[in-house]
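Inspection log for the structure reproduced underneath, given as structure tokens.
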Amino acid sequence: MKRNYFITFLGSILLPTIVSAVSPCELSSLSGSIGQRLASKYSSKQILEFKNNLQAECIMQADFKSLSDRSKILNVDLDMMNTYKALSYVKREWYEWGKSNNVQVPYIYQKYRDPITRTREIWDNAMLGMSQVEEVSRTLRSRDLSLDDLQEWHRGFYQLSDEVGDFNHEPNPGSFKASPGYSDRAINEAINVYWWRWGDLDSEIVRSELENIEKVNGYFYQYNLIGTTSDDRLNFFLKGDQTGVIINPYFLESKTIFLVRFINTYKKIINDKYENLRFYNYPLLTPLQFASLVQKWLVIIHPWSEGNGRMTRLIQDGLANLYGLPAQTSGELMDIDVTTPVQDYYEKMYSYTMENLEKMGNCLSGYERNSLRVIQSYDCKIIE
């Protein structure tokens with residue numbers, strides 16, 4: 001994997017370890033000077049999109065702060081409101097099913113599982129894990145992230161039990177799964193045991209997925225964020241006529257280390273108001289784009305046997321929290337986060353979250369009017 005160690009060393013001198021996070025609104029007010037500073041590095045179109053995205057995220061930040069202030073006056077636990085908590089981690093399809101059948105949110109989380117009490121255990125485990133969001137933000141604010149942090153937070157999702165995953169994967173809390181050897185047999189074992197695959201390469205759905213994968217790979221190649229084609233094991237995806245496409249199971253720890261270094265560097269770049277971005281061949285990212293890219297990057301690596309979706313959304317929401325933004329309404333994206341192109345993923349996540357903030361505002365209006373019809377509605381209930 002290529003890496004410019006001189007630039008890394010230079011960056012470690014220029015950038016402080018401890019950060020005091022800036023917000024999208026603060027950055028938006030400085031976007032003119034930031035754009036001028038980066039005009040020689042990025043196109044006018046890229047800078048304009050950056051400014052527009054900062055303005056949009058400032059609106060999200062302001063809306064969320066207003067909701068938080070209102071909820072405190074009303075003594076309403078906004079974080080546990082059905083529509084906010086559930087749609088961060090539950091597919092909308094499942095949420096609407098629970099709404100239609102009046103089934104509490106904890107029992108629809110990964111609702112394909114039986115029996116229903118088993119699902120509640122999974123929800124409780126997951127919520128204990130997600131309660132680490134503030135800790136993630138504090139860590140990101142005060143010091144560099146480490147692999148040990150990721151492993152500790154992964155253990156946090158299995159405090160009640162080591163519940164098995166979708167395909168009876170043992171979660172092995174706090175441990176990366178071992179990468180297979182480089183052999184046909186090991187690849188087949190990895191496919192059959194760990195990874196998604198698409199079998200019919202001629203189907204329209206698979207062709208569309210392959211096109212999206214090329215876009216995802218292209219983005220990461222453009223900024224030298226993954227390895228080169230000289231060793232396919234460094235890529236995110238493997239292709240084969242018989243197997244379709246699988247997420248690459250090789251070098252999981254080294255890929256995660258590379259991502260951790262990126263997180264530590266880019267959070268300092270943002271805090272420094274992009275002053276030192278000129279020293280790096282990195283994309284121009286707003287705070288929320290940074291958070292969404294990290295989620296997508298880590299879920300593509302898929303370093304754990306189980307709990308990858310939860311862990312990646314924990315890091316995403318920890319970064320969002322760091323910048324004064326809400327937990328993102330990304331449950332709807334859980335099945336497409338791997339193959340959705342980077343910018344499309346960000347735009348979908350932003351749109352879903354803004355829709356949910358509006359719904360939360362309507363709920364709080366009902367609480368302010370003391371409307372039992374609203375307070376007791378499925379969307380506005382507080383999860384018990």
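By order in the structure tokens, chains are A, B, ...; within a chain, residues start at 1; ligands start at 1, following the order shown.
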
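The residue set within 12 Å of Gly174 of chain A, counting only C-alpha atoms and dropping same-chain residues fewer than 5 places from it, reads Leu147, Asp148, Asp149, Leu150, Gln151, Glu152, Trp153, His154, Arg155, Gly156, Phe157, Tyr158, Gln159, Asp162, Pro303, Trp304, Ser305, Glu306, Gly307, Asn308 and Met311 of chain A.
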
Any chance you could list, as a count of residues only, the residues in segment 291-360 of chain A that come up helix (DSSP H, G or I) when DSSP is run on the backbone?
48

Can you list every residue of segment 267-288 of chain A that has an atom at most 10 Å from segment 26-46 of chain A, with its nearest atom pair and the distance in Å to one decimal, using only C-alpha atoms, ordered by chain then number, as a Markdown table?
| residue | atom | partner | partner_atom | distance |
| --- | --- | --- | --- | --- |
| A:Ile270 | CA | A:Leu27 | CA | 8.7 |
| A:Asn271 | CA | A:Leu27 | CA | 9.3 |
| A:Lys273 | CA | A:Leu27 | CA | 7.0 |
| A:Tyr274 | CA | A:Ile34 | CA | 6.9 |
| A:Glu275 | CA | A:Arg37 | CA | 7.6 |
| A:Asn276 | CA | A:Leu38 | CA | 9.8 |
| A:Leu277 | CA | A:Leu38 | CA | 8.1 |
| A:Arg278 | CA | A:Lys41 | CA | 7.0 |
| A:Asn281 | CA | A:Lys41 | CA | 9.3 |
| A:Pro283 | CA | A:Tyr42 | CA | 8.9 |
| A:Leu284 | CA | A:Gln46 | CA | 7.7 |
| A:Leu285 | CA | A:Gln46 | CA | 9.9 |
| A:Thr286 | CA | A:Leu27 | CA | 8.7 |
| A:Pro287 | CA | A:Leu27 | CA | 9.3 |

Using only C-alpha atoms, determine which residues lie at most 8 Å from segment 106-111 of chain A, disregarding the query and same-chain residues fewer than 3 positions distant; provide the list as a list in words.
Tyr89, Val90, Trp94, Tyr95, Gly98, Val103, Asp114, Ile116, Thr117, Thr119, Arg120, Ile122, Trp123, Asp124 and Ile383 of chain A

Go ahead and save the picked residues with N, CA and C atoms, as a short mmCIF file (atom, residue, chain, number, x, y, z; two decimals), in the first residue's frame.
data_model
loop_
_atom_site.label_atom_id
_atom_site.label_comp_id
_atom_site.auth_asym_id
_atom_site.auth_seq_id
_atom_site.Cartn_x
_atom_site.Cartn_y
_atom_site.Cartn_z
N TYR A 89 -30.70 2.93 13.44
CA TYR A 89 -30.16 1.57 13.43
C TYR A 89 -31.09 0.53 12.83
N VAL A 90 -32.33 0.92 12.52
CA VAL A 90 -33.32 -0.02 12.03
C VAL A 90 -33.74 0.38 10.61
N TRP A 94 -38.54 -2.24 8.37
CA TRP A 94 -38.84 -2.89 9.64
C TRP A 94 -39.57 -1.93 10.57
N TYR A 95 -39.16 -0.67 10.56
CA TYR A 95 -39.80 0.34 11.41
C TYR A 95 -41.28 0.47 11.06
N GLY A 98 -43.19 -2.47 12.34
CA GLY A 98 -43.45 -2.34 13.77
C GLY A 98 -44.55 -1.34 14.05
N VAL A 103 -45.61 -3.00 17.37
CA VAL A 103 -44.56 -3.76 18.04
C VAL A 103 -43.47 -2.78 18.47
N ASP A 114 -35.64 -14.99 15.38
CA ASP A 114 -36.63 -15.56 16.29
C ASP A 114 -35.89 -16.23 17.44
N ILE A 116 -38.78 -13.65 19.60
CA ILE A 116 -38.80 -12.21 19.80
C ILE A 116 -37.96 -11.80 21.00
N THR A 117 -37.88 -12.63 22.03
CA THR A 117 -37.06 -12.30 23.20
C THR A 117 -35.59 -12.24 22.83
N THR A 119 -34.48 -11.14 20.02
CA THR A 119 -34.29 -9.85 19.38
C THR A 119 -34.11 -8.75 20.42
N ARG A 120 -34.87 -8.81 21.51
CA ARG A 120 -34.74 -7.80 22.56
C ARG A 120 -33.32 -7.85 23.16
N ILE A 122 -30.63 -8.68 21.61
CA ILE A 122 -29.73 -8.07 20.63
C ILE A 122 -29.84 -6.55 20.70
N TRP A 123 -31.07 -6.04 20.81
CA TRP A 123 -31.27 -4.59 20.92
C TRP A 123 -30.59 -4.04 22.16
N ASP A 124 -30.79 -4.69 23.30
CA ASP A 124 -30.19 -4.20 24.54
C ASP A 124 -28.67 -4.21 24.46
N ILE A 383 -38.66 5.23 23.95
CA ILE A 383 -38.37 3.80 24.05
C ILE A 383 -38.08 3.43 25.50
#

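Between atom CA of Asp337 of chain A and atom CA of Val299 of chain A the interatomic distance comes to 7.6 Å.
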
What does the distance between atom CA of Leu325 of chain A and atom CA of Asn217 of chain A come to in Å, to one decimal place?
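One can read the atom CA of Leu325 of chain A to atom CA of Asn217 of chain A distance as 27.9 Å.
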
Please identify all polymer residues within 12 Å of Asn321 of chain A, counting only C-alpha atoms, omitting same-chain residues fewer than 2 positions from it, and present them as a VMD selection string.
chain A and resid 21 to 24 61 64 to 65 132 to 141 287 to 288 291 313 to 319 323 to 328

Please compute the atom CA of Thr329 of chain A-atom CA of Met81 of chain A distance, one decimal, in Å.
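The value is 12.8 Å.
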
Could you check the closest approach to Leu293 of chain A for each of A:Leu357, A:Val206, A:Val216, A:Cys363 and tell me which residue wins, using only C-alpha atoms?
A:Val216

Excluding Met360 of chain A and its own-chain neighbours fewer than 5 positions away, which residues fall within 8 Å of it when counting only C-alpha atoms? Please give them as an NGL selection string.
:A and (67 or 83-84 or 380)

Which of A:Asn75, A:Thr340, A:Ser365, A:Gln376 sits closest to Ile213 of chain A [using only C-alpha atoms]:
A:Thr340

Please list as an MDAnalysis selection string every residue within 8 Å of Leu364 of chain A, counting only C-alpha atoms and excluding residues in the same chain fewer than 3 positions away.
chainID A and resid 67 70:71 360:361 367:368

Looking at A:Asp69, A:Lys296, A:Glu358, A:Asn82, which one is nearest to Lys99 of chain A, with distances taken over only C-alpha atoms?
A:Asn82
